[in-house]
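Read the structure below first, then the notes.
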Amino acid sequence: MSGSRRWFGAALFLALATVLTFLTLPIVAIFVDSSPATLLASLGEEGVLDALRLSLLCTATAVVVIVVVGTPAAYLLATRRFRGRSTIVTLIELPLVLPPAVAGIGLLAALGPNGLLGGWVTDLGLELVLSTAGVIVALIFVSAPFYLRQAQSAFEAVDATWLDASRTLGASEARTFFAVAIPTSSVGLVSGVALAWGRALGEFGATLMFAGSFRGVTQTAPLAIYERFANNFTSALALSAVLVAVSAALLLTIKLLTGTAWLNAAR
């Protein structure tokens, strides 16, 4: 028994070492393959900072829209049982498994000039295709399911008796939502924000198909990396390193926030 236990423990550590090496080596290689001075110099090239600025602006805007609209939608799905609910959840989660190119084609077919809602979009004076607004729409489409799925799970984990007690004490459903449900689910909601933001930062295919890649207008950092890949690999590395740093900072911030929330809840 003791020998079997040691063998299994060694296998577990070997599996962990394999996973850790495979997942971290490419990230480490981005920073090792070129000197910091070269990477910093590459950031001064034309269009690089514009791509970074556009990525941060568009992803932040997309996340705000997702949270404002997605939070009450997730709460409804978590606290109500009605006919067709499973179908609705499945449709909401479908973009999770769509190839990025298909997502872009779908957006064109729905919101493009000749799309299903193209005339309505035009009548409103909106220009989505090949525009910055189109980038935000594409980011919302591919990222929203990540937040909605996490938010729904977070709300479902709330003890229903707390919500009932709030209503019994005279609080409206809206006040219960803001004063009880959201604070209690804050850890899960923040994690959902991190997942959605991370997905938006890395979005490539749907953005390219729907909004194109024009410097200063629709070219986000992933698109800029792709443009530079063939003729300026160092510049592509520099942009990649910045995105890795931003993603790592985002992940660390989320972990600190969720850790603080858990500590406050424990007190």
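Simple scheme: letters A, B, ... for chains in structure tokens order, numbers from 1 for residues in each chain, numbers from 1 for ligands in the order shown.
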DSSP on the backbone: which residues in stretch 72-178 of chain A end up as alpha helix (DSSP H)? Give the answer as a compact mmCIF listing (two decimals) with all heavy atoms, in the first residue's frame.
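Output (selection12.txt):
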# COMPACT_ATOMS: atom_id res chain seq x y z
N PRO A 72 -28.37 41.69 -14.34
CA PRO A 72 -29.79 41.38 -14.10
C PRO A 72 -30.29 40.20 -14.92
O PRO A 72 -31.16 39.45 -14.45
CB PRO A 72 -30.51 42.69 -14.49
CG PRO A 72 -29.55 43.43 -15.33
CD PRO A 72 -28.20 43.05 -14.86
N ALA A 73 -29.75 40.02 -16.13
CA ALA A 73 -30.16 38.88 -16.95
C ALA A 73 -29.76 37.56 -16.28
O ALA A 73 -30.54 36.60 -16.23
CB ALA A 73 -29.54 38.98 -18.34
N ALA A 74 -28.54 37.52 -15.75
CA ALA A 74 -28.07 36.32 -15.06
C ALA A 74 -28.87 36.07 -13.79
O ALA A 74 -29.17 34.91 -13.44
CB ALA A 74 -26.58 36.46 -14.73
N TYR A 75 -29.24 37.13 -13.10
CA TYR A 75 -30.04 36.99 -11.88
C TYR A 75 -31.41 36.41 -12.20
O TYR A 75 -31.91 35.55 -11.46
CB TYR A 75 -30.19 38.36 -11.23
CG TYR A 75 -30.96 38.35 -9.92
CD1 TYR A 75 -30.38 37.84 -8.76
CD2 TYR A 75 -32.26 38.86 -9.86
CE1 TYR A 75 -31.08 37.82 -7.57
CE2 TYR A 75 -32.97 38.86 -8.67
CZ TYR A 75 -32.37 38.34 -7.53
OH TYR A 75 -33.08 38.32 -6.33
N LEU A 76 -32.00 36.85 -13.29
CA LEU A 76 -33.30 36.31 -13.71
C LEU A 76 -33.19 34.81 -13.99
O LEU A 76 -34.02 34.02 -13.54
CB LEU A 76 -33.79 37.05 -14.95
CG LEU A 76 -35.05 36.49 -15.62
CD1 LEU A 76 -36.24 36.59 -14.68
CD2 LEU A 76 -35.33 37.22 -16.93
N LEU A 77 -32.16 34.42 -14.72
CA LEU A 77 -31.98 33.01 -15.05
C LEU A 77 -31.69 32.16 -13.81
O LEU A 77 -32.05 30.99 -13.75
CB LEU A 77 -30.84 32.85 -16.07
CG LEU A 77 -31.11 33.38 -17.47
CD1 LEU A 77 -29.85 33.33 -18.31
CD2 LEU A 77 -32.22 32.59 -18.15
N ALA A 78 -31.04 32.78 -12.83
CA ALA A 78 -30.68 32.02 -11.63
C ALA A 78 -31.83 31.88 -10.65
O ALA A 78 -31.88 30.91 -9.88
CB ALA A 78 -29.50 32.72 -10.93
N THR A 79 -32.77 32.82 -10.66
CA THR A 79 -33.81 32.82 -9.62
C THR A 79 -35.20 32.48 -10.15
O THR A 79 -36.15 32.44 -9.38
CB THR A 79 -33.88 34.20 -8.96
OG1 THR A 79 -34.11 35.22 -9.96
CG2 THR A 79 -32.57 34.51 -8.23
N ARG A 85 -36.38 27.85 -20.35
CA ARG A 85 -35.20 28.39 -19.69
C ARG A 85 -33.93 27.68 -20.15
O ARG A 85 -32.92 28.34 -20.44
CB ARG A 85 -35.34 28.26 -18.17
CG ARG A 85 -34.12 28.73 -17.38
CD ARG A 85 -34.36 28.57 -15.88
NE ARG A 85 -33.17 28.90 -15.12
CZ ARG A 85 -32.18 28.04 -14.88
NH1 ARG A 85 -32.25 26.80 -15.37
NH2 ARG A 85 -31.13 28.40 -14.17
N SER A 86 -33.96 26.37 -20.23
CA SER A 86 -32.77 25.61 -20.65
C SER A 86 -32.36 25.98 -22.06
O SER A 86 -31.16 26.08 -22.37
CB SER A 86 -33.04 24.11 -20.56
OG SER A 86 -33.29 23.72 -19.23
N THR A 87 -33.34 26.20 -22.92
CA THR A 87 -33.03 26.59 -24.29
C THR A 87 -32.38 27.95 -24.33
O THR A 87 -31.41 28.18 -25.07
CB THR A 87 -34.32 26.61 -25.13
OG1 THR A 87 -34.92 25.31 -25.11
CG2 THR A 87 -34.02 27.00 -26.57
N ILE A 88 -32.89 28.88 -23.52
CA ILE A 88 -32.31 30.22 -23.46
C ILE A 88 -30.86 30.17 -22.97
O ILE A 88 -29.97 30.81 -23.54
CB ILE A 88 -33.16 31.13 -22.55
CG1 ILE A 88 -34.52 31.39 -23.19
CG2 ILE A 88 -32.44 32.45 -22.28
CD1 ILE A 88 -35.48 32.16 -22.30
N VAL A 89 -30.61 29.38 -21.93
CA VAL A 89 -29.24 29.26 -21.40
C VAL A 89 -28.31 28.68 -22.47
O VAL A 89 -27.17 29.14 -22.64
CB VAL A 89 -29.24 28.37 -20.14
CG1 VAL A 89 -27.82 28.06 -19.71
CG2 VAL A 89 -30.00 29.06 -19.00
N THR A 90 -28.79 27.68 -23.19
CA THR A 90 -27.98 27.07 -24.25
C THR A 90 -27.66 28.08 -25.35
O THR A 90 -26.52 28.14 -25.83
CB THR A 90 -28.72 25.87 -24.87
OG1 THR A 90 -28.98 24.90 -23.84
CG2 THR A 90 -27.89 25.22 -25.97
N LEU A 91 -28.64 28.88 -25.73
CA LEU A 91 -28.41 29.89 -26.77
C LEU A 91 -27.41 30.94 -26.31
O LEU A 91 -26.57 31.41 -27.09
CB LEU A 91 -29.73 30.55 -27.16
CG LEU A 91 -30.73 29.66 -27.92
CD1 LEU A 91 -32.05 30.39 -28.10
CD2 LEU A 91 -30.15 29.24 -29.27
N ILE A 92 -27.49 31.31 -25.04
CA ILE A 92 -26.56 32.30 -24.48
C ILE A 92 -25.13 31.75 -24.47
O ILE A 92 -24.17 32.48 -24.71
CB ILE A 92 -27.00 32.71 -23.07
CG1 ILE A 92 -28.25 33.60 -23.15
CG2 ILE A 92 -25.88 33.47 -22.34
CD1 ILE A 92 -28.85 33.95 -21.80
N GLU A 93 -25.00 30.46 -24.21
CA GLU A 93 -23.67 29.85 -24.12
C GLU A 93 -23.11 29.45 -25.48
O GLU A 93 -21.93 29.15 -25.60
CB GLU A 93 -23.74 28.61 -23.23
CG GLU A 93 -24.01 28.92 -21.76
CD GLU A 93 -24.11 27.67 -20.91
OE1 GLU A 93 -24.23 26.57 -21.49
OE2 GLU A 93 -24.06 27.79 -19.67
N PRO A 100 -14.20 31.75 -34.08
CA PRO A 100 -14.21 33.22 -34.19
C PRO A 100 -14.66 33.73 -35.55
O PRO A 100 -15.38 34.72 -35.63
CB PRO A 100 -12.75 33.60 -33.90
CG PRO A 100 -12.25 32.49 -33.02
CD PRO A 100 -12.92 31.25 -33.53
N ALA A 101 -14.24 33.05 -36.62
CA ALA A 101 -14.64 33.50 -37.95
C ALA A 101 -16.14 33.39 -38.13
O ALA A 101 -16.78 34.26 -38.76
CB ALA A 101 -13.92 32.67 -39.02
N VAL A 102 -16.73 32.34 -37.58
CA VAL A 102 -18.19 32.17 -37.67
C VAL A 102 -18.89 33.28 -36.89
O VAL A 102 -19.92 33.80 -37.33
CB VAL A 102 -18.60 30.79 -37.13
CG1 VAL A 102 -20.12 30.65 -37.09
CG2 VAL A 102 -18.00 29.68 -37.98
N ALA A 103 -18.34 33.65 -35.74
CA ALA A 103 -18.91 34.75 -34.96
C ALA A 103 -18.90 36.04 -35.77
O ALA A 103 -19.88 36.80 -35.78
CB ALA A 103 -18.14 34.92 -33.66
N GLY A 104 -17.80 36.30 -36.47
CA GLY A 104 -17.71 37.50 -37.28
C GLY A 104 -18.69 37.50 -38.44
O GLY A 104 -19.34 38.51 -38.72
N ILE A 105 -18.82 36.36 -39.11
CA ILE A 105 -19.78 36.23 -40.21
C ILE A 105 -21.20 36.42 -39.69
O ILE A 105 -22.05 37.07 -40.33
CB ILE A 105 -19.63 34.87 -40.90
CG1 ILE A 105 -18.31 34.79 -41.68
CG2 ILE A 105 -20.81 34.60 -41.83
CD1 ILE A 105 -18.24 35.74 -42.86
N GLY A 106 -21.48 35.84 -38.52
CA GLY A 106 -22.81 35.99 -37.93
C GLY A 106 -23.14 37.44 -37.63
O GLY A 106 -24.27 37.90 -37.87
N LEU A 107 -22.17 38.19 -37.12
CA LEU A 107 -22.39 39.60 -36.84
C LEU A 107 -22.65 40.38 -38.13
O LEU A 107 -23.51 41.27 -38.17
CB LEU A 107 -21.18 40.18 -36.11
CG LEU A 107 -21.02 39.75 -34.65
CD1 LEU A 107 -19.67 40.21 -34.11
CD2 LEU A 107 -22.15 40.30 -33.78
N LEU A 108 -21.92 40.04 -39.18
CA LEU A 108 -22.15 40.70 -40.47
C LEU A 108 -23.54 40.39 -41.00
O LEU A 108 -24.24 41.27 -41.51
CB LEU A 108 -21.09 40.25 -41.48
CG LEU A 108 -19.72 40.91 -41.40
CD1 LEU A 108 -18.75 40.23 -42.35
CD2 LEU A 108 -19.82 42.40 -41.74
N ALA A 109 -23.95 39.12 -40.87
CA ALA A 109 -25.26 38.71 -41.38
C ALA A 109 -26.40 39.35 -40.58
O ALA A 109 -27.50 39.54 -41.10
CB ALA A 109 -25.38 37.18 -41.33
N ALA A 110 -26.12 39.67 -39.31
CA ALA A 110 -27.16 40.26 -38.46
C ALA A 110 -27.15 41.78 -38.48
O ALA A 110 -28.21 42.42 -38.57
CB ALA A 110 -26.99 39.77 -37.02
N LEU A 111 -25.95 42.37 -38.40
CA LEU A 111 -25.85 43.82 -38.21
C LEU A 111 -25.17 44.55 -39.35
O LEU A 111 -25.03 45.78 -39.30
CB LEU A 111 -25.09 44.11 -36.91
CG LEU A 111 -25.68 43.49 -35.63
CD1 LEU A 111 -24.75 43.74 -34.45
CD2 LEU A 111 -27.06 44.05 -35.35
N GLY A 118 -29.72 45.33 -40.45
CA GLY A 118 -28.88 46.36 -41.04
C GLY A 118 -29.60 47.66 -41.29
O GLY A 118 -29.08 48.74 -41.01
N GLY A 119 -30.84 47.57 -41.81
CA GLY A 119 -31.61 48.78 -42.07
C GLY A 119 -31.94 49.54 -40.80
O GLY A 119 -31.87 50.77 -40.74
N TRP A 120 -32.28 48.79 -39.75
CA TRP A 120 -32.61 49.41 -38.47
C TRP A 120 -31.40 50.11 -37.88
O TRP A 120 -31.49 51.22 -37.35
CB TRP A 120 -33.12 48.34 -37.51
CG TRP A 120 -33.49 48.84 -36.16
CD1 TRP A 120 -34.56 49.61 -35.83
CD2 TRP A 120 -32.78 48.62 -34.94
NE1 TRP A 120 -34.57 49.89 -34.47
CE2 TRP A 120 -33.47 49.28 -33.91
CE3 TRP A 120 -31.62 47.92 -34.62
CZ2 TRP A 120 -33.05 49.27 -32.60
CZ3 TRP A 120 -31.19 47.90 -33.30
CH2 TRP A 120 -31.90 48.57 -32.30
N VAL A 121 -30.23 49.46 -37.98
CA VAL A 121 -28.99 50.04 -37.47
C VAL A 121 -28.67 51.33 -38.23
O VAL A 121 -28.29 52.35 -37.64
CB VAL A 121 -27.83 49.04 -37.59
CG1 VAL A 121 -26.50 49.73 -37.27
CG2 VAL A 121 -28.05 47.85 -36.66
N THR A 122 -28.86 51.30 -39.54
CA THR A 122 -28.59 52.48 -40.36
C THR A 122 -29.54 53.63 -40.02
O THR A 122 -29.14 54.79 -39.94
CB THR A 122 -28.72 52.14 -41.85
OG1 THR A 122 -27.80 51.09 -42.16
CG2 THR A 122 -28.42 53.35 -42.71
N ASP A 123 -30.81 53.28 -39.80
CA ASP A 123 -31.80 54.31 -39.46
C ASP A 123 -31.47 55.00 -38.15
O ASP A 123 -31.81 56.17 -37.95
CB ASP A 123 -33.19 53.68 -39.37
CG ASP A 123 -33.72 53.24 -40.72
OD1 ASP A 123 -33.20 53.72 -41.74
OD2 ASP A 123 -34.63 52.39 -40.76
N THR A 132 -14.93 51.58 -34.87
CA THR A 132 -14.58 51.26 -33.48
C THR A 132 -15.78 50.69 -32.74
O THR A 132 -15.63 49.77 -31.93
CB THR A 132 -14.08 52.53 -32.76
OG1 THR A 132 -12.96 53.08 -33.47
CG2 THR A 132 -13.65 52.20 -31.35
N ALA A 133 -16.97 51.21 -33.03
CA ALA A 133 -18.18 50.67 -32.41
C ALA A 133 -18.35 49.20 -32.76
O ALA A 133 -18.82 48.40 -31.95
CB ALA A 133 -19.40 51.47 -32.84
N GLY A 134 -17.98 48.84 -33.98
CA GLY A 134 -18.05 47.44 -34.40
C GLY A 134 -17.12 46.55 -33.60
O GLY A 134 -17.45 45.40 -33.31
N VAL A 135 -15.95 47.09 -33.26
CA VAL A 135 -15.02 46.33 -32.41
C VAL A 135 -15.67 46.02 -31.07
O VAL A 135 -15.62 44.89 -30.58
CB VAL A 135 -13.71 47.12 -32.19
CG1 VAL A 135 -12.80 46.39 -31.21
CG2 VAL A 135 -13.00 47.35 -33.51
N ILE A 136 -16.30 47.02 -30.47
CA ILE A 136 -16.95 46.84 -29.17
C ILE A 136 -18.07 45.81 -29.26
O ILE A 136 -18.22 44.95 -28.39
CB ILE A 136 -17.48 48.19 -28.65
CG1 ILE A 136 -16.31 49.15 -28.41
CG2 ILE A 136 -18.28 48.00 -27.37
CD1 ILE A 136 -16.73 50.56 -28.08
N VAL A 137 -18.86 45.88 -30.33
CA VAL A 137 -19.94 44.91 -30.53
C VAL A 137 -19.38 43.50 -30.63
O VAL A 137 -19.91 42.55 -30.03
CB VAL A 137 -20.76 45.27 -31.78
CG1 VAL A 137 -21.72 44.13 -32.14
CG2 VAL A 137 -21.54 46.55 -31.56
N ALA A 138 -18.30 43.33 -31.39
CA ALA A 138 -17.69 42.01 -31.54
C ALA A 138 -17.17 41.50 -30.20
O ALA A 138 -17.33 40.32 -29.86
CB ALA A 138 -16.56 42.07 -32.56
N LEU A 139 -16.55 42.37 -29.42
CA LEU A 139 -16.02 41.97 -28.12
C LEU A 139 -17.15 41.57 -27.17
O LEU A 139 -17.02 40.60 -26.41
CB LEU A 139 -15.21 43.11 -27.51
CG LEU A 139 -13.95 43.54 -28.27
CD1 LEU A 139 -13.23 44.64 -27.51
CD2 LEU A 139 -13.02 42.36 -28.50
N ILE A 140 -18.24 42.30 -27.20
CA ILE A 140 -19.39 41.96 -26.34
C ILE A 140 -19.94 40.59 -26.72
O ILE A 140 -20.23 39.75 -25.85
CB ILE A 140 -20.49 43.03 -26.46
CG1 ILE A 140 -20.02 44.34 -25.84
CG2 ILE A 140 -21.77 42.56 -25.78
CD1 ILE A 140 -20.97 45.50 -26.07
N PHE A 141 -20.05 40.33 -28.02
CA PHE A 141 -20.63 39.07 -28.48
C PHE A 141 -19.82 37.86 -28.02
O PHE A 141 -20.38 36.86 -27.57
CB PHE A 141 -20.74 39.08 -30.01
CG PHE A 141 -21.35 37.84 -30.57
CD1 PHE A 141 -22.71 37.62 -30.49
CD2 PHE A 141 -20.56 36.87 -31.19
CE1 PHE A 141 -23.29 36.47 -31.00
CE2 PHE A 141 -21.11 35.72 -31.71
CZ PHE A 141 -22.49 35.52 -31.61
N VAL A 142 -18.51 37.95 -28.13
CA VAL A 142 -17.69 36.78 -27.79
C VAL A 142 -17.40 36.68 -26.29
O VAL A 142 -17.07 35.59 -25.79
CB VAL A 142 -16.36 36.78 -28.57
CG1 VAL A 142 -16.61 36.76 -30.07
CG2 VAL A 142 -15.50 37.99 -28.20
N SER A 143 -17.51 37.79 -25.56
CA SER A 143 -17.13 37.80 -24.14
C SER A 143 -18.30 37.68 -23.18
O SER A 143 -18.14 37.16 -22.07
CB SER A 143 -16.36 39.09 -23.81
OG SER A 143 -15.25 39.26 -24.65
N ALA A 144 -19.47 38.15 -23.57
CA ALA A 144 -20.61 38.17 -22.66
C ALA A 144 -20.95 36.79 -22.08
O ALA A 144 -21.26 36.69 -20.89
CB ALA A 144 -21.83 38.76 -23.38
N PRO A 145 -20.91 35.71 -22.87
CA PRO A 145 -21.25 34.40 -22.29
C PRO A 145 -20.37 34.00 -21.12
O PRO A 145 -20.84 33.30 -20.21
CB PRO A 145 -21.08 33.44 -23.48
CG PRO A 145 -21.29 34.29 -24.69
CD PRO A 145 -20.70 35.62 -24.33
N PHE A 146 -19.12 34.42 -21.12
CA PHE A 146 -18.22 34.08 -20.02
C PHE A 146 -18.70 34.72 -18.72
O PHE A 146 -18.70 34.09 -17.66
CB PHE A 146 -16.79 34.55 -20.34
CG PHE A 146 -16.10 33.72 -21.38
CD1 PHE A 146 -16.27 34.01 -22.72
CD2 PHE A 146 -15.30 32.66 -21.03
CE1 PHE A 146 -15.65 33.25 -23.70
CE2 PHE A 146 -14.65 31.90 -21.99
CZ PHE A 146 -14.84 32.19 -23.33
N TYR A 147 -19.12 35.98 -18.81
CA TYR A 147 -19.62 36.65 -17.61
C TYR A 147 -20.99 36.10 -17.20
O TYR A 147 -21.23 35.85 -16.01
CB TYR A 147 -19.72 38.16 -17.85
CG TYR A 147 -20.31 38.89 -16.66
CD1 TYR A 147 -19.53 39.14 -15.53
CD2 TYR A 147 -21.64 39.30 -16.65
CE1 TYR A 147 -20.07 39.79 -14.43
CE2 TYR A 147 -22.17 39.95 -15.55
CZ TYR A 147 -21.38 40.18 -14.44
OH TYR A 147 -21.91 40.81 -13.35
N LEU A 148 -21.87 35.94 -18.15
CA LEU A 148 -23.22 35.46 -17.84
C LEU A 148 -23.20 34.09 -17.18
O LEU A 148 -23.94 33.84 -16.22
CB LEU A 148 -24.05 35.41 -19.13
CG LEU A 148 -24.50 36.77 -19.67
CD1 LEU A 148 -24.95 36.65 -21.12
CD2 LEU A 148 -25.62 37.33 -18.82
N ARG A 149 -22.36 33.23 -17.69
CA ARG A 149 -22.28 31.87 -17.11
C ARG A 149 -21.79 31.92 -15.68
O ARG A 149 -22.34 31.26 -14.80
CB ARG A 149 -21.33 31.03 -17.97
CG ARG A 149 -21.36 29.55 -17.68
CD ARG A 149 -20.47 28.81 -18.67
NE ARG A 149 -20.61 27.38 -18.55
CZ ARG A 149 -19.93 26.51 -19.28
NH1 ARG A 149 -19.08 26.93 -20.19
NH2 ARG A 149 -20.10 25.21 -19.10
N GLN A 150 -20.75 32.71 -15.42
CA GLN A 150 -20.20 32.81 -14.08
C GLN A 150 -21.17 33.53 -13.14
O GLN A 150 -21.34 33.14 -11.98
CB GLN A 150 -18.87 33.56 -14.12
CG GLN A 150 -18.10 33.61 -12.82
CD GLN A 150 -17.56 32.25 -12.41
OE1 GLN A 150 -17.34 31.38 -13.25
NE2 GLN A 150 -17.36 32.05 -11.12
N ALA A 151 -21.80 34.59 -13.63
CA ALA A 151 -22.74 35.34 -12.80
C ALA A 151 -23.95 34.50 -12.44
O ALA A 151 -24.43 34.54 -11.29
CB ALA A 151 -23.18 36.61 -13.54
N GLN A 152 -24.45 33.73 -13.37
CA GLN A 152 -25.59 32.87 -13.08
C GLN A 152 -25.24 31.85 -11.99
O GLN A 152 -26.02 31.63 -11.06
CB GLN A 152 -26.03 32.14 -14.35
CG GLN A 152 -27.26 31.27 -14.14
CD GLN A 152 -27.64 30.49 -15.39
OE1 GLN A 152 -27.28 30.87 -16.51
NE2 GLN A 152 -28.35 29.38 -15.22
N SER A 153 -24.06 31.25 -12.11
CA SER A 153 -23.62 30.29 -11.09
C SER A 153 -23.48 30.96 -9.73
O SER A 153 -23.83 30.38 -8.70
CB SER A 153 -22.29 29.65 -11.50
OG SER A 153 -22.43 28.92 -12.70
N ALA A 154 -22.96 32.20 -9.73
CA ALA A 154 -22.78 32.92 -8.47
C ALA A 154 -24.13 33.22 -7.81
O ALA A 154 -24.29 33.05 -6.60
CB ALA A 154 -22.02 34.22 -8.73
N PHE A 155 -25.10 33.64 -8.59
CA PHE A 155 -26.42 33.93 -8.03
C PHE A 155 -27.13 32.65 -7.58
O PHE A 155 -27.86 32.67 -6.57
CB PHE A 155 -27.28 34.66 -9.06
CG PHE A 155 -26.92 36.10 -9.26
CD1 PHE A 155 -26.73 36.63 -10.52
CD2 PHE A 155 -26.76 36.94 -8.16
CE1 PHE A 155 -26.40 37.97 -10.70
CE2 PHE A 155 -26.43 38.28 -8.32
CZ PHE A 155 -26.25 38.80 -9.59
N GLU A 156 -26.93 31.56 -8.30
CA GLU A 156 -27.55 30.29 -7.90
C GLU A 156 -26.99 29.77 -6.59
O GLU A 156 -27.66 29.01 -5.88
CB GLU A 156 -27.37 29.26 -9.00
CG GLU A 156 -28.23 29.51 -10.24
CD GLU A 156 -27.95 28.54 -11.36
OE1 GLU A 156 -26.89 27.87 -11.31
OE2 GLU A 156 -28.77 28.44 -12.29
N ALA A 160 -31.17 30.88 -0.80
CA ALA A 160 -32.48 31.46 -1.12
C ALA A 160 -33.18 32.03 0.11
O ALA A 160 -33.98 32.97 0.01
CB ALA A 160 -33.37 30.41 -1.77
N THR A 161 -32.86 31.51 1.28
CA THR A 161 -33.51 32.01 2.50
C THR A 161 -33.10 33.45 2.79
O THR A 161 -33.87 34.20 3.40
CB THR A 161 -33.16 31.12 3.71
OG1 THR A 161 -31.72 31.10 3.89
CG2 THR A 161 -33.67 29.70 3.49
N TRP A 162 -31.89 33.86 2.38
CA TRP A 162 -31.47 35.24 2.57
C TRP A 162 -32.32 36.18 1.72
O TRP A 162 -32.73 37.25 2.18
CB TRP A 162 -30.00 35.41 2.19
CG TRP A 162 -29.05 34.67 3.08
CD1 TRP A 162 -29.37 33.83 4.12
CD2 TRP A 162 -27.63 34.69 3.00
NE1 TRP A 162 -28.24 33.33 4.70
CE2 TRP A 162 -27.14 33.84 4.04
CE3 TRP A 162 -26.71 35.32 2.18
CZ2 TRP A 162 -25.79 33.62 4.25
CZ3 TRP A 162 -25.35 35.10 2.39
CH2 TRP A 162 -24.91 34.26 3.43
N LEU A 163 -32.59 35.78 0.49
CA LEU A 163 -33.42 36.59 -0.38
C LEU A 163 -34.85 36.65 0.15
O LEU A 163 -35.47 37.72 0.15
CB LEU A 163 -33.41 36.01 -1.80
CG LEU A 163 -32.03 35.86 -2.47
CD1 LEU A 163 -32.19 35.25 -3.86
CD2 LEU A 163 -31.31 37.19 -2.54
N ASP A 164 -35.35 35.51 0.62
CA ASP A 164 -36.71 35.47 1.16
C ASP A 164 -36.82 36.35 2.41
O ASP A 164 -37.82 37.04 2.62
CB ASP A 164 -37.10 34.04 1.50
CG ASP A 164 -37.23 33.18 0.25
OD1 ASP A 164 -37.43 33.74 -0.83
OD2 ASP A 164 -37.11 31.93 0.37
N ALA A 165 -35.78 36.29 3.27
CA ALA A 165 -35.79 37.10 4.49
C ALA A 165 -35.82 38.58 4.17
O ALA A 165 -36.52 39.37 4.82
CB ALA A 165 -34.57 36.77 5.34
N SER A 166 -35.05 38.98 3.15
CA SER A 166 -35.04 40.39 2.75
C SER A 166 -36.42 40.83 2.29
O SER A 166 -36.90 41.92 2.67
CB SER A 166 -34.02 40.59 1.63
OG SER A 166 -34.05 41.92 1.15
N ARG A 167 -37.08 39.99 1.49
CA ARG A 167 -38.42 40.33 1.02
C ARG A 167 -39.42 40.35 2.17
O ARG A 167 -40.32 41.21 2.22
CB ARG A 167 -38.89 39.32 -0.05
CG ARG A 167 -38.02 39.28 -1.30
CD ARG A 167 -38.01 40.62 -2.02
NE ARG A 167 -39.37 41.04 -2.38
CZ ARG A 167 -40.01 40.61 -3.46
NH1 ARG A 167 -39.41 39.77 -4.28
NH2 ARG A 167 -41.23 41.04 -3.71
N THR A 168 -39.26 39.41 3.14
CA THR A 168 -40.16 39.36 4.29
C THR A 168 -40.05 40.61 5.15
O THR A 168 -41.04 41.09 5.72
CB THR A 168 -39.84 38.11 5.15
OG1 THR A 168 -39.99 36.95 4.35
CG2 THR A 168 -40.78 38.03 6.34
N GLU A 173 -37.97 43.66 -4.50
CA GLU A 173 -37.08 42.74 -5.19
C GLU A 173 -35.85 43.46 -5.72
O GLU A 173 -34.74 42.92 -5.70
CB GLU A 173 -37.82 42.04 -6.33
CG GLU A 173 -36.97 40.96 -7.00
CD GLU A 173 -37.75 40.14 -8.01
OE1 GLU A 173 -38.87 40.53 -8.35
OE2 GLU A 173 -37.22 39.09 -8.44
N ALA A 174 -36.03 44.70 -6.18
CA ALA A 174 -34.89 45.46 -6.69
C ALA A 174 -33.89 45.73 -5.58
O ALA A 174 -32.67 45.59 -5.76
CB ALA A 174 -35.38 46.78 -7.30
N ARG A 175 -34.39 46.13 -4.40
CA ARG A 175 -33.48 46.39 -3.28
C ARG A 175 -32.80 45.12 -2.82
O ARG A 175 -31.61 45.13 -2.46
CB ARG A 175 -34.26 47.03 -2.12
CG ARG A 175 -33.36 47.46 -0.98
CD ARG A 175 -34.12 48.22 0.09
NE ARG A 175 -33.23 48.63 1.17
CZ ARG A 175 -33.62 49.28 2.24
NH1 ARG A 175 -34.90 49.63 2.38
NH2 ARG A 175 -32.75 49.63 3.18
N THR A 176 -33.52 44.01 -2.83
CA THR A 176 -32.93 42.72 -2.47
C THR A 176 -31.81 42.36 -3.45
O THR A 176 -30.75 41.86 -3.05
CB THR A 176 -34.00 41.62 -2.48
OG1 THR A 176 -34.99 41.93 -1.50
CG2 THR A 176 -33.39 40.26 -2.16
For atom CA of A:Ser131 and atom CA of A:Ala221, quote the distance in Å rounded to one decimal.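 These atoms are spaced 15.5 Å apart.
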Report the distance between atom CA of A:Ser55 and atom CA of A:Ala230 in Å, rounded to one decimal place.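 Interatomic distance, atom CA of A:Ser55 to atom CA of A:Ala230: 21.2 Å.
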Quick one: residues within 12 Å of stretch 28-38 of chain A, only C-alpha atoms counted, chain neighbours fewer than 5 positions away excluded, as a ChimeraX atom specification? /A:20-23,43-45,233-245
Atomic separation - atom CA of A:Leu223 relative to atom CA of A:Leu54, Å: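 That distance, rounded to one decimal, is 11.0 Å.
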I'd like the contact shell of A:Thr59 - 8 Å cut-off, only C-alpha atoms, skipping same-chain residues fewer than 2 positions apart - returned as a ChimeraX atom specification. /A:55-57,61-63,136,139,197,200-201
Residues within 9 Å of A:Asp50, only C-alpha atoms, excluding chain neighbours under 2 positions, as a PyMOL selection string: chain A and resi 46-48+52-55+215-217+219-221
